Amino acid sequence: MLNQGSFSVSGNIVDVKNLCVFKGTVHITDGRISAIEPGPVAEEHYILPGLIDAHVHIESSMLLPTEFARLAAVHGTVATVSDPHEIANVLGSEGVKFMINNSKKSPFKFYFGAPSCVPATPFETAGASLDISETEALLALPDIWYLSEMMNYPGVIYKDPEVMAKLSAAKKAGKPIDGHAPGLFGDNARLYAQAGITTDHECFTIEEALDKIRWGMKVLIREGSAARNFDALLPLLSEHSSDIMFCSDDKHPDDLVKGHINLLVKRAIAAGYDPLQIIRACTFNPVKHYKLDTGLLHPGDDADFIVADNLSDFNVLATYIRGRKVAENGYTLIQSVTEETPNKFFARAISEQDITIKSSPGTIKVQKALEGQLITEVLHVKPLMTDGCVTSDIGRDILKMIVMNRYAPMLPAIGFIHGFGLKHGAIASTVAHDSHNIIAVGASDKDIVNAVSLLVKNKGGIAFSDGGKSCILPLPVAGLMSNLDGYEVAHKYEEIHKLAKSLGSQLAAPYMTLSFMALLVIPALKLSDKGLFDGRTFKFTSLLEN
C-alpha cells in the first residue's frame, strides 16, 4: 500500500519532539520521510504528525476496522491503539484475529492489544474465555502490541494467580499493560501501578488522575459517545503534559462522521492550552509509550502526517499514511472491502410473562444512570405495583430493564433503572459491555419483548419498538458490527438514535449509555444476565427489599 514514488509538501512544519514550528519542505520517497528541508516557503498551512486515538474499542463504532479507518482518516487520525476486548468476549481469540486480518486490508494503522479480561468477570455469561495460554499466544503475535486494559483491579491488588500470570506474560513479551481502575486511590492505586500497569482511561476527577500520575501511570483523557471526562481532566495539560494522551474509548458511527481526536485538539486549543503540547499528547506521547511505528515527521519515519489550515481552527485538509493520501477536504480516499460475518447467537424469543415480577416488596434497588459517565448510583424506591406485579413507573422514570443470555436459550435477568426518561416504547441492543448479551429498557413489557424479538430474529443489532412501530440496525458481525459502508451505518444509526430520543430520553446517547448498564466492573449497581450486581462489593445483590 506504499506510495511508490517521490513528492514534497511545504508549509509550517510542527516538530512535536522539540515543541517548535518552522517553515520548510517535507520530502517523501516510497512512503517514508526522506528529508526535511528548513527554509522559506509560500504555503501557510501546517504539516504535523497524524493523530492517534490512544485507546478505543473499534467494535463500539459498529464498524469493521476497514470502515472505521475510512471515517477516522478524514479527521486526521492515522492510527489507533485498539482493544479488541468486545469481539473477544463473543468469539475469543478468533475474534481478535478477525479484527487483525480485516485491518490489514486498510492503509490505516491499527495497534491491537491482547484482551486481559475475557470474560471480564465470572458473574456473567460470555461467548468465550481467554486463559493464560491463549493470552500468551496472542502476546507472541507481532500484530499484538500490548496487554489490553486490566479491568480486574481487585485481582491485581489481591494477586489473583491468573491475573498475575497474564501481567507476567506481558512483561516477558516486553509489551506495555493498559489499566482500567475507576475510583482507585492511595495504596490500592500504588499496588495497581506497581504491578506493572502503565495507563488508566477511567479517571473522572483531577484528584484521581493526579494520584495515578503520582504512582507513575499515564492518564488517558477520554471523550467518547457516552463517557465524557475531557473537561474535567483537561487542566492536567498545564503541568503534566508528558503524562497525558487523548482517547475516545467508545465512539458511535454518527459521532465519528462528525469528528474524532481532532475535535479534542480543537477544544483544547479553544480553552487556551498550548497547541504544541496538545498535539504532542495525541502524537508523540502514544508513539513513545506504546513503541508504535507511526511516523512523527522525522527523516526515516513512515510518512504519516496531516495538513491543517492553522493551529487555531485546526481544520484537517489532507491525511497521509505511509505516503499515501487517504483523505482530502473532508472526503475519504480509502475504499471499502468485502468481509465475512462471524457470529455466535443462540438466544430465543421471550414473552411478556417471562419478564413479569409478581411480588410485593417494600422497596427495590434501582440503577441510576448518569449522563456522560459509566458509573451508576443506587436508589432505594417503593415500586409501582400493577395487578400484584412490579412494573415500570413512567412518572418517576423507574423503567424495567432486562439482560438476557445470547449464547444459550435462557430466561432474562430483570432490574429497574432511573435516568433513561422513556415515556413509551423500548430500546434494545446486543452491544452490552462486556459479554454482549441482550440488553433492553422500556416503558412497557410489550415493547421490551418486541424489541428483543427483533434482535433474536436478526441475530444481533440495536432495536427500537413503540407500539406498532419498530426498527432495527442489524449487526451481523458478532452482533457488534455491520459489514456495510461506514457512512451508511452512521446514517442508519442516526435514524434509530432519533427514534430512541423520540421516546422521551434526554440522554445524549441512549444506546451507548444502555450498553454500559451491564458493565459489572464499573460501580455501583449493574445488571448481568445472571442477576443484579453490586460493583462495590463485587457480589450479586437482591432487586427486592423488605
# chains A, B, ... in the order shown; residues from 1 in each chain; ligands from 1
>>> residues_around(residues="stretch 480-486 of chain A", least_positions_apart="2", cutoff="6 Å", atoms="only C-alpha atoms", output="mmCIF file with N, CA and C atoms, in the first residue's frame")
data_model
loop_
_atom_site.group_PDB
_atom_site.id
_atom_site.type_symbol
_atom_site.label_atom_id
_atom_site.label_comp_id
_atom_site.auth_asym_id
_atom_site.auth_seq_id
_atom_site.Cartn_x
_atom_site.Cartn_y
_atom_site.Cartn_z
ATOM 1 N N MET A 62 -19.524 0.157 15.770
ATOM 2 C CA MET A 62 -20.398 -0.706 14.966
ATOM 3 C C MET A 62 -19.878 -0.887 13.545
ATOM 4 N N LEU A 63 -18.601 -0.545 13.347
ATOM 5 C CA LEU A 63 -17.975 -0.623 12.026
ATOM 6 C C LEU A 63 -16.819 -1.604 12.057
ATOM 7 N N GLU A 67 -13.777 0.045 7.806
ATOM 8 C CA GLU A 67 -14.734 1.146 7.676
ATOM 9 C C GLU A 67 -14.453 2.238 8.696
ATOM 10 N N VAL A 431 -25.154 -4.928 21.885
ATOM 11 C CA VAL A 431 -23.921 -4.275 22.318
ATOM 12 C C VAL A 431 -24.126 -3.969 23.794
ATOM 13 N N LEU A 475 -26.534 -6.011 13.142
ATOM 14 C CA LEU A 475 -25.086 -6.044 13.339
ATOM 15 C C LEU A 475 -24.627 -7.503 13.216
ATOM 16 N N PRO A 476 -24.485 -7.978 11.981
ATOM 17 C CA PRO A 476 -24.234 -9.402 11.756
ATOM 18 C C PRO A 476 -22.842 -9.879 12.151
ATOM 19 N N VAL A 477 -21.878 -8.986 12.313
ATOM 20 C CA VAL A 477 -20.525 -9.388 12.699
ATOM 21 C C VAL A 477 -20.455 -9.441 14.228
ATOM 22 N N ALA A 478 -20.579 -10.645 14.768
ATOM 23 C CA ALA A 478 -20.514 -10.885 16.218
ATOM 24 C C ALA A 478 -21.623 -10.186 17.004
ATOM 25 N N GLU A 488 -23.086 4.724 5.544
ATOM 26 C CA GLU A 488 -24.451 4.196 5.532
ATOM 27 C C GLU A 488 -24.854 3.748 6.937
ATOM 28 N N VAL A 489 -23.935 3.077 7.632
ATOM 29 C CA VAL A 489 -24.207 2.656 9.005
ATOM 30 C C VAL A 489 -24.447 3.877 9.892
#
>>> closest_atom_pairs(of="stretch 321-377 of chain A", to="stretch 82-89 of chain A", cutoff="12 Å", atoms="only C-alpha atoms", output="tab-separated table")
residue	atom	partner	partner_atom	distance
A:Thr341	CA	A:Ile87	CA	12.0
A:Pro342	CA	A:Ile87	CA	10.0
A:Asn343	CA	A:Ile87	CA	9.4
A:Lys344	CA	A:Ile87	CA	10.4
>>> residues_around(residues="A:Gly467", least_positions_apart="6", cutoff="12 Å", atoms="only C-alpha atoms", output="list in words")
His424, Gly425, Ala426, Gly442, Ala443, Ser444, Asp445, Lys446, Asp447, Ile448, Val449, Asn450, Ala451 and Leu503 of chain A
>>> write_last_selection(atoms="C-alpha atoms", output="mmCIF file, in the first residue's frame")
data_model
loop_
_atom_site.group_PDB
_atom_site.id
_atom_site.type_symbol
_atom_site.label_atom_id
_atom_site.label_comp_id
_atom_site.auth_asym_id
_atom_site.auth_seq_id
_atom_site.Cartn_x
_atom_site.Cartn_y
_atom_site.Cartn_z
ATOM 1 C CA HIS A 424 -43.294 4.993 25.982
ATOM 2 C CA GLY A 425 -41.688 2.263 23.863
ATOM 3 C CA ALA A 426 -38.413 0.395 24.378
ATOM 4 C CA GLY A 442 -38.615 0.131 28.202
ATOM 5 C CA ALA A 443 -41.744 1.783 29.439
ATOM 6 C CA SER A 444 -43.858 -1.272 28.614
ATOM 7 C CA ASP A 445 -43.261 -5.019 28.757
ATOM 8 C CA LYS A 446 -44.808 -5.466 25.326
ATOM 9 C CA ASP A 447 -42.342 -3.131 23.662
ATOM 10 C CA ILE A 448 -39.393 -4.695 25.507
ATOM 11 C CA VAL A 449 -40.441 -8.106 24.213
ATOM 12 C CA ASN A 450 -40.932 -6.787 20.675
ATOM 13 C CA ALA A 451 -37.515 -5.112 20.628
ATOM 14 C CA LEU A 503 -39.482 8.149 23.278
#
>>> atom_distance(atom1="atom CA of A:Trp215", atom2="atom CA of A:Lys166")
21.0 Å
>>> select_by_dssp(residues="stretch 181-374 of chain A", states="helix (DSSP H, G or I)", output="MDAnalysis selection string")
chainID A and resid 186:194 206:214 230:243 253:258 261:270 275:281 284:290 352:355
>>> residues_around(residues="A:Lys526", least_positions_apart="5", cutoff="10 Å", atoms="only C-alpha atoms", output="PyMOL selection string")
chain A and resi 366-369+375-378+415-417+516-521+531-535+540-541
>>> write_last_selection(atoms="C-alpha atoms", output="PDB file, in the first residue's frame")
ATOM      1  CA  VAL A 366     -32.716   0.829  41.155  1.00  0.00           C
ATOM      2  CA  GLN A 367     -29.706   1.694  38.988  1.00  0.00           C
ATOM      3  CA  LYS A 368     -29.339   5.415  38.389  1.00  0.00           C
ATOM      4  CA  ALA A 369     -27.710   6.150  35.029  1.00  0.00           C
ATOM      5  CA  ILE A 375     -20.601   4.725  36.819  1.00  0.00           C
ATOM      6  CA  THR A 376     -24.103   4.458  38.261  1.00  0.00           C
ATOM      7  CA  GLU A 377     -25.676   5.238  41.603  1.00  0.00           C
ATOM      8  CA  VAL A 378     -28.099   3.183  43.688  1.00  0.00           C
ATOM      9  CA  GLY A 415     -33.887  -4.953  37.050  1.00  0.00           C
ATOM     10  CA  PHE A 416     -35.030  -1.341  37.102  1.00  0.00           C
ATOM     11  CA  ILE A 417     -33.243   1.832  36.073  1.00  0.00           C
ATOM     12  CA  PHE A 516     -22.724   0.137  29.752  1.00  0.00           C
ATOM     13  CA  MET A 517     -25.536  -0.704  32.162  1.00  0.00           C
ATOM     14  CA  ALA A 518     -24.350  -4.328  32.163  1.00  0.00           C
ATOM     15  CA  LEU A 519     -20.672  -3.437  32.703  1.00  0.00           C
ATOM     16  CA  LEU A 520     -20.105  -5.063  36.080  1.00  0.00           C
ATOM     17  CA  VAL A 521     -16.558  -3.771  36.628  1.00  0.00           C
ATOM     18  CA  GLY A 531     -28.758 -11.020  38.096  1.00  0.00           C
ATOM     19  CA  LEU A 532     -28.307  -7.654  39.792  1.00  0.00           C
ATOM     20  CA  PHE A 533     -24.676  -6.956  40.709  1.00  0.00           C
ATOM     21  CA  ASP A 534     -23.097  -4.600  43.242  1.00  0.00           C
ATOM     22  CA  GLY A 535     -19.805  -3.365  41.753  1.00  0.00           C
ATOM     23  CA  PHE A 540     -24.735 -10.253  43.423  1.00  0.00           C
ATOM     24  CA  THR A 541     -27.443  -8.413  45.289  1.00  0.00           C
TER      25      THR A 541
END
>>> residues_around(residues="A:Glu239", least_positions_apart="3", cutoff="12 Å", atoms="only C-alpha atoms", output="list in words")
Leu210, Ile213, Leu233, Leu234, Pro235, Leu236, Ser242, Asp243, Ile244, Tyr273, Asp274 and Gln277 of chain A
>>> write_last_selection(atoms="N, CA and C atoms", output="PDB file, in the first residue's frame")
ATOM      1  N   LEU A 210      -4.326  12.707  39.285  1.00  0.00           N
ATOM      2  CA  LEU A 210      -3.048  13.108  39.884  1.00  0.00           C
ATOM      3  C   LEU A 210      -2.479  12.005  40.768  1.00  0.00           C
ATOM      4  N   ILE A 213      -0.984   9.468  38.393  1.00  0.00           N
ATOM      5  CA  ILE A 213       0.263  10.002  37.826  1.00  0.00           C
ATOM      6  C   ILE A 213       1.368   9.921  38.871  1.00  0.00           C
ATOM      7  N   LEU A 233     -10.658  16.721  33.073  1.00  0.00           N
ATOM      8  CA  LEU A 233      -9.249  16.341  33.157  1.00  0.00           C
ATOM      9  C   LEU A 233      -8.313  17.222  32.334  1.00  0.00           C
ATOM     10  N   LEU A 234      -8.846  18.067  31.461  1.00  0.00           N
ATOM     11  CA  LEU A 234      -8.001  18.862  30.577  1.00  0.00           C
ATOM     12  C   LEU A 234      -6.970  19.713  31.316  1.00  0.00           C
ATOM     13  N   PRO A 235      -7.258  20.245  32.514  1.00  0.00           N
ATOM     14  CA  PRO A 235      -6.245  21.042  33.218  1.00  0.00           C
ATOM     15  C   PRO A 235      -4.940  20.294  33.493  1.00  0.00           C
ATOM     16  N   LEU A 236      -4.941  18.978  33.382  1.00  0.00           N
ATOM     17  CA  LEU A 236      -3.709  18.208  33.565  1.00  0.00           C
ATOM     18  C   LEU A 236      -2.640  18.605  32.555  1.00  0.00           C
ATOM     19  N   SER A 242       3.377  15.562  29.638  1.00  0.00           N
ATOM     20  CA  SER A 242       4.097  14.356  29.205  1.00  0.00           C
ATOM     21  C   SER A 242       3.423  13.084  29.690  1.00  0.00           C
ATOM     22  N   ASP A 243       2.477  13.214  30.619  1.00  0.00           N
ATOM     23  CA  ASP A 243       1.791  12.044  31.184  1.00  0.00           C
ATOM     24  C   ASP A 243       0.376  11.867  30.618  1.00  0.00           C
ATOM     25  N   ILE A 244       0.052  12.630  29.577  1.00  0.00           N
ATOM     26  CA  ILE A 244      -1.327  12.679  29.078  1.00  0.00           C
ATOM     27  C   ILE A 244      -1.401  12.186  27.633  1.00  0.00           C
ATOM     28  N   TYR A 273      -5.008  26.270  25.859  1.00  0.00           N
ATOM     29  CA  TYR A 273      -3.807  25.479  26.124  1.00  0.00           C
ATOM     30  C   TYR A 273      -2.853  25.553  24.936  1.00  0.00           C
ATOM     31  N   ASP A 274      -1.592  25.272  25.188  1.00  0.00           N
ATOM     32  CA  ASP A 274      -0.535  25.357  24.181  1.00  0.00           C
ATOM     33  C   ASP A 274      -0.794  24.344  23.067  1.00  0.00           C
ATOM     34  N   GLN A 277       1.752  21.434  22.889  1.00  0.00           N
ATOM     35  CA  GLN A 277       1.600  20.424  23.934  1.00  0.00           C
ATOM     36  C   GLN A 277       0.388  19.542  23.660  1.00  0.00           C
TER      37      GLN A 277
END
>>> residues_around(residues="A:Ile177", least_positions_apart="3", cutoff="9 Å", atoms="only C-alpha atoms", output="ChimeraX atom specification")
/A:146-150,167,170-171,196-199
>>> closest_residue(among="A:Cys117, A:Leu51, A:Ala232, A:Leu384", to="A:Glu207", atoms="only C-alpha atoms")
A:Ala232
>>> residues_around(residues="A:Ile321", least_positions_apart="2", cutoff="8 Å", atoms="only C-alpha atoms", output="MDAnalysis selection string")
chainID A and resid 31 78 107:108 302:305 319 323:326
>>> write_last_selection(atoms="N, CA and C atoms", output="PDB file, in the first residue's frame")
ATOM      1  N   GLY A  31       6.981   6.186   0.542  1.00  0.00           N
ATOM      2  CA  GLY A  31       6.211   6.070   1.780  1.00  0.00           C
ATOM      3  C   GLY A  31       6.911   6.519   3.036  1.00  0.00           C
ATOM      4  N   VAL A  78      -4.535   8.784  12.025  1.00  0.00           N
ATOM      5  CA  VAL A  78      -3.794   7.835  11.195  1.00  0.00           C
ATOM      6  C   VAL A  78      -3.606   6.501  11.896  1.00  0.00           C
ATOM      7  N   PRO A 107      -4.983   0.901   4.677  1.00  0.00           N
ATOM      8  CA  PRO A 107      -3.690   1.555   4.926  1.00  0.00           C
ATOM      9  C   PRO A 107      -3.554   2.101   6.348  1.00  0.00           C
ATOM     10  N   PHE A 108      -4.662   2.235   7.040  1.00  0.00           N
ATOM     11  CA  PHE A 108      -4.709   2.789   8.390  1.00  0.00           C
ATOM     12  C   PHE A 108      -3.897   1.902   9.341  1.00  0.00           C
ATOM     13  N   ASP A 302       7.940   6.556   8.747  1.00  0.00           N
ATOM     14  CA  ASP A 302       6.832   6.450   7.814  1.00  0.00           C
ATOM     15  C   ASP A 302       6.207   7.826   7.635  1.00  0.00           C
ATOM     16  N   ALA A 303       5.767   8.113   6.422  1.00  0.00           N
ATOM     17  CA  ALA A 303       5.170   9.418   6.118  1.00  0.00           C
ATOM     18  C   ALA A 303       3.707   9.422   6.546  1.00  0.00           C
ATOM     19  N   ASP A 304       3.509   9.456   7.872  1.00  0.00           N
ATOM     20  CA  ASP A 304       2.175   9.509   8.478  1.00  0.00           C
ATOM     21  C   ASP A 304       1.976  10.933   8.980  1.00  0.00           C
ATOM     22  N   PHE A 305       1.256  11.741   8.227  1.00  0.00           N
ATOM     23  CA  PHE A 305       1.132  13.147   8.614  1.00  0.00           C
ATOM     24  C   PHE A 305      -0.169  13.734   8.088  1.00  0.00           C
ATOM     25  N   THR A 319      -4.861  13.968   4.795  1.00  0.00           N
ATOM     26  CA  THR A 319      -4.254  12.968   5.674  1.00  0.00           C
ATOM     27  C   THR A 319      -3.444  11.993   4.833  1.00  0.00           C
ATOM     28  N   GLY A 323       2.849   7.735   3.236  1.00  0.00           N
ATOM     29  CA  GLY A 323       2.992   8.488   1.995  1.00  0.00           C
ATOM     30  C   GLY A 323       1.802   8.429   1.072  1.00  0.00           C
ATOM     31  N   ARG A 324       0.771   7.715   1.471  1.00  0.00           N
ATOM     32  CA  ARG A 324      -0.429   7.618   0.632  1.00  0.00           C
ATOM     33  C   ARG A 324      -1.480   8.585   1.147  1.00  0.00           C
ATOM     34  N   LYS A 325      -2.024   9.416   0.264  1.00  0.00           N
ATOM     35  CA  LYS A 325      -3.093  10.322   0.668  1.00  0.00           C
ATOM     36  C   LYS A 325      -4.373   9.520   0.859  1.00  0.00           C
ATOM     37  N   VAL A 326      -4.898   9.512   2.085  1.00  0.00           N
ATOM     38  CA  VAL A 326      -6.061   8.689   2.401  1.00  0.00           C
ATOM     39  C   VAL A 326      -7.323   9.514   2.639  1.00  0.00           C
TER      40      VAL A 326
END
>>> closest_atom_pairs(of="stretch 24-63 of chain A", to="stretch 253-261 of chain A", cutoff="12 Å", atoms="only C-alpha atoms", output="Markdown table")
| residue | atom | partner | partner_atom | distance |
| --- | --- | --- | --- | --- |
| A:Gly50 | CA | A:Ile261 | CA | 10.3 |
| A:Leu51 | CA | A:Ile261 | CA | 6.8 |
| A:Ile52 | CA | A:Ile261 | CA | 7.3 |
| A:Asp53 | CA | A:Ile261 | CA | 6.4 |
| A:Ala54 | CA | A:Ile261 | CA | 9.6 |
| A:His55 | CA | A:Ile261 | CA | 11.0 |
| A:Val56 | CA | A:His260 | CA | 11.1 |
| A:Ile58 | CA | A:Pro253 | CA | 10.2 |
| A:Glu59 | CA | A:Pro253 | CA | 10.3 |
| A:Ser60 | CA | A:Pro253 | CA | 8.4 |
| A:Ser61 | CA | A:Pro253 | CA | 5.0 |
| A:Met62 | CA | A:Pro253 | CA | 6.7 |
| A:Leu63 | CA | A:Pro253 | CA | 7.3 |
>>> closest_residue(among="A:Pro182, A:Gly95, A:Pro49, A:Gly39", to="A:Thr77", atoms="only C-alpha atoms")
A:Pro49
>>> closest_residue(among="A:Ile427, A:Ala500, A:Ala69, A:Ala126", to="A:Gly92", atoms="only C-alpha atoms")
A:Ala126
>>> closest_residue(among="A:Gly5, A:Pro286, A:Gly295, A:Gly127", to="A:Ala408", atoms="only C-alpha atoms")
A:Gly127
>>> select_by_dssp(residues="stretch 350-432 of chain A", states="strand (DSSP E)", output="JSON, numbers by chain")
{"A": [363, 364, 365, 366, 367, 368, 369, 376, 377, 378, 379, 380, 381, 384, 385, 386, 389, 390, 391, 398, 399, 400, 401, 402, 403, 404, 413, 414, 415, 416, 417, 418, 426, 427, 428, 429]}
>>> write_last_selection(atoms="N, CA and C atoms", output="compact mmCIF listing (two decimals), in the first residue's frame")
# COMPACT_ATOMS: atom_id res chain seq x y z
N THR A 363 -39.27 -2.11 49.14
CA THR A 363 -38.55 -1.26 48.20
C THR A 363 -37.80 -2.13 47.21
N ILE A 364 -37.30 -1.50 46.16
CA ILE A 364 -36.44 -2.18 45.20
C ILE A 364 -35.17 -1.35 45.01
N LYS A 365 -34.08 -2.04 44.62
CA LYS A 365 -32.84 -1.34 44.26
C LYS A 365 -32.93 -0.96 42.79
N VAL A 366 -32.61 0.30 42.52
CA VAL A 366 -32.72 0.83 41.16
C VAL A 366 -31.37 1.43 40.75
N GLN A 367 -30.89 1.05 39.55
CA GLN A 367 -29.71 1.69 38.99
C GLN A 367 -30.06 3.12 38.58
N LYS A 368 -29.18 4.04 38.87
CA LYS A 368 -29.34 5.42 38.39
C LYS A 368 -28.26 5.70 37.36
N ALA A 369 -28.66 5.83 36.10
CA ALA A 369 -27.71 6.15 35.03
C ALA A 369 -27.36 7.63 35.09
N THR A 376 -22.70 4.25 37.93
CA THR A 376 -24.10 4.46 38.26
C THR A 376 -24.22 4.69 39.76
N GLU A 377 -25.37 5.12 40.19
CA GLU A 377 -25.68 5.24 41.60
C GLU A 377 -26.79 4.25 41.95
N VAL A 378 -27.07 4.11 43.23
CA VAL A 378 -28.10 3.18 43.69
C VAL A 378 -29.22 3.96 44.36
N LEU A 379 -30.44 3.68 43.93
CA LEU A 379 -31.63 4.25 44.56
C LEU A 379 -32.42 3.14 45.24
N HIS A 380 -33.05 3.47 46.34
CA HIS A 380 -33.93 2.53 47.03
C HIS A 380 -35.33 3.15 46.99
N VAL A 381 -36.23 2.58 46.21
CA VAL A 381 -37.54 3.21 46.00
C VAL A 381 -38.67 2.21 46.20
N LEU A 384 -43.82 0.81 41.78
CA LEU A 384 -45.19 0.87 41.31
C LEU A 384 -45.69 -0.56 41.13
N MET A 385 -46.85 -0.86 41.72
CA MET A 385 -47.44 -2.19 41.60
C MET A 385 -48.69 -2.13 40.74
N THR A 386 -48.80 -3.05 39.80
CA THR A 386 -49.99 -3.15 38.96
C THR A 386 -50.43 -4.61 38.92
N CYS A 389 -47.99 -7.00 40.36
CA CYS A 389 -46.70 -7.10 39.69
C CYS A 389 -45.94 -5.78 39.77
N VAL A 390 -44.59 -5.87 39.89
CA VAL A 390 -43.75 -4.68 39.87
C VAL A 390 -43.60 -4.24 38.43
N THR A 391 -43.98 -2.99 38.14
CA THR A 391 -43.99 -2.52 36.75
C THR A 391 -43.21 -1.21 36.61
N ILE A 398 -38.77 5.20 36.55
CA ILE A 398 -38.25 3.92 37.06
C ILE A 398 -38.67 2.86 36.04
N LEU A 399 -37.78 2.54 35.13
CA LEU A 399 -38.13 1.69 34.00
C LEU A 399 -37.54 0.29 34.13
N LYS A 400 -38.29 -0.67 33.61
CA LYS A 400 -37.82 -2.06 33.64
C LYS A 400 -36.67 -2.24 32.65
N MET A 401 -35.66 -2.98 33.09
CA MET A 401 -34.53 -3.30 32.23
C MET A 401 -34.26 -4.80 32.34
N ILE A 402 -33.88 -5.41 31.22
CA ILE A 402 -33.55 -6.83 31.25
C ILE A 402 -32.19 -7.06 30.59
N VAL A 403 -31.50 -8.10 31.02
CA VAL A 403 -30.31 -8.60 30.35
C VAL A 403 -30.51 -10.10 30.16
N MET A 404 -30.31 -10.58 28.94
CA MET A 404 -30.59 -11.98 28.62
C MET A 404 -29.42 -12.62 27.88
N ALA A 413 -32.55 -11.85 33.15
CA ALA A 413 -32.50 -11.22 34.47
C ALA A 413 -33.21 -9.88 34.36
N ILE A 414 -33.85 -9.47 35.46
CA ILE A 414 -34.70 -8.28 35.43
C ILE A 414 -34.25 -7.28 36.50
N GLY A 415 -34.20 -6.02 36.11
CA GLY A 415 -33.89 -4.95 37.05
C GLY A 415 -34.68 -3.71 36.71
N PHE A 416 -34.38 -2.61 37.39
CA PHE A 416 -35.03 -1.34 37.10
C PHE A 416 -33.97 -0.25 37.08
N ILE A 417 -34.24 0.78 36.27
CA ILE A 417 -33.24 1.83 36.07
C ILE A 417 -33.91 3.20 36.02
N HIS A 418 -33.20 4.19 36.54
CA HIS A 418 -33.64 5.59 36.50
C HIS A 418 -32.64 6.38 35.67
N ALA A 426 -39.57 1.09 23.82
CA ALA A 426 -38.41 0.39 24.38
C ALA A 426 -37.27 0.42 23.38
N ILE A 427 -36.05 0.29 23.89
CA ILE A 427 -34.86 0.13 23.05
C ILE A 427 -34.11 -1.11 23.54
N ALA A 428 -33.39 -1.75 22.62
CA ALA A 428 -32.68 -2.97 22.97
C ALA A 428 -31.43 -3.09 22.10
N SER A 429 -30.47 -3.90 22.57
CA SER A 429 -29.20 -3.99 21.86
C SER A 429 -28.46 -5.27 22.22
>>> atom_distance(atom1="atom CA of A:Ala508", atom2="atom CA of A:Met99")
28.7 Å
>>> closest_atom_pairs(of="stretch 150-266 of chain A", to="stretch 509-514 of chain A", cutoff="12 Å", atoms="only C-alpha atoms", output="CSV")
residue,atom,partner,partner_atom,distance
A:Gly224,CA,A:Met512,CA,9.6
A:Ser225,CA,A:Ala509,CA,6.5
A:Ala226,CA,A:Thr513,CA,5.7
A:Ala227,CA,A:Thr513,CA,8.4
A:Arg228,CA,A:Ala509,CA,11.4
A:Asp249,CA,A:Met512,CA,11.7
A:Asp250,CA,A:Met512,CA,8.4
A:Lys251,CA,A:Met512,CA,8.7
A:His252,CA,A:Met512,CA,7.6
A:Pro253,CA,A:Met512,CA,11.0
A:Asp254,CA,A:Ala509,CA,10.7
A:Asp255,CA,A:Ala509,CA,10.0
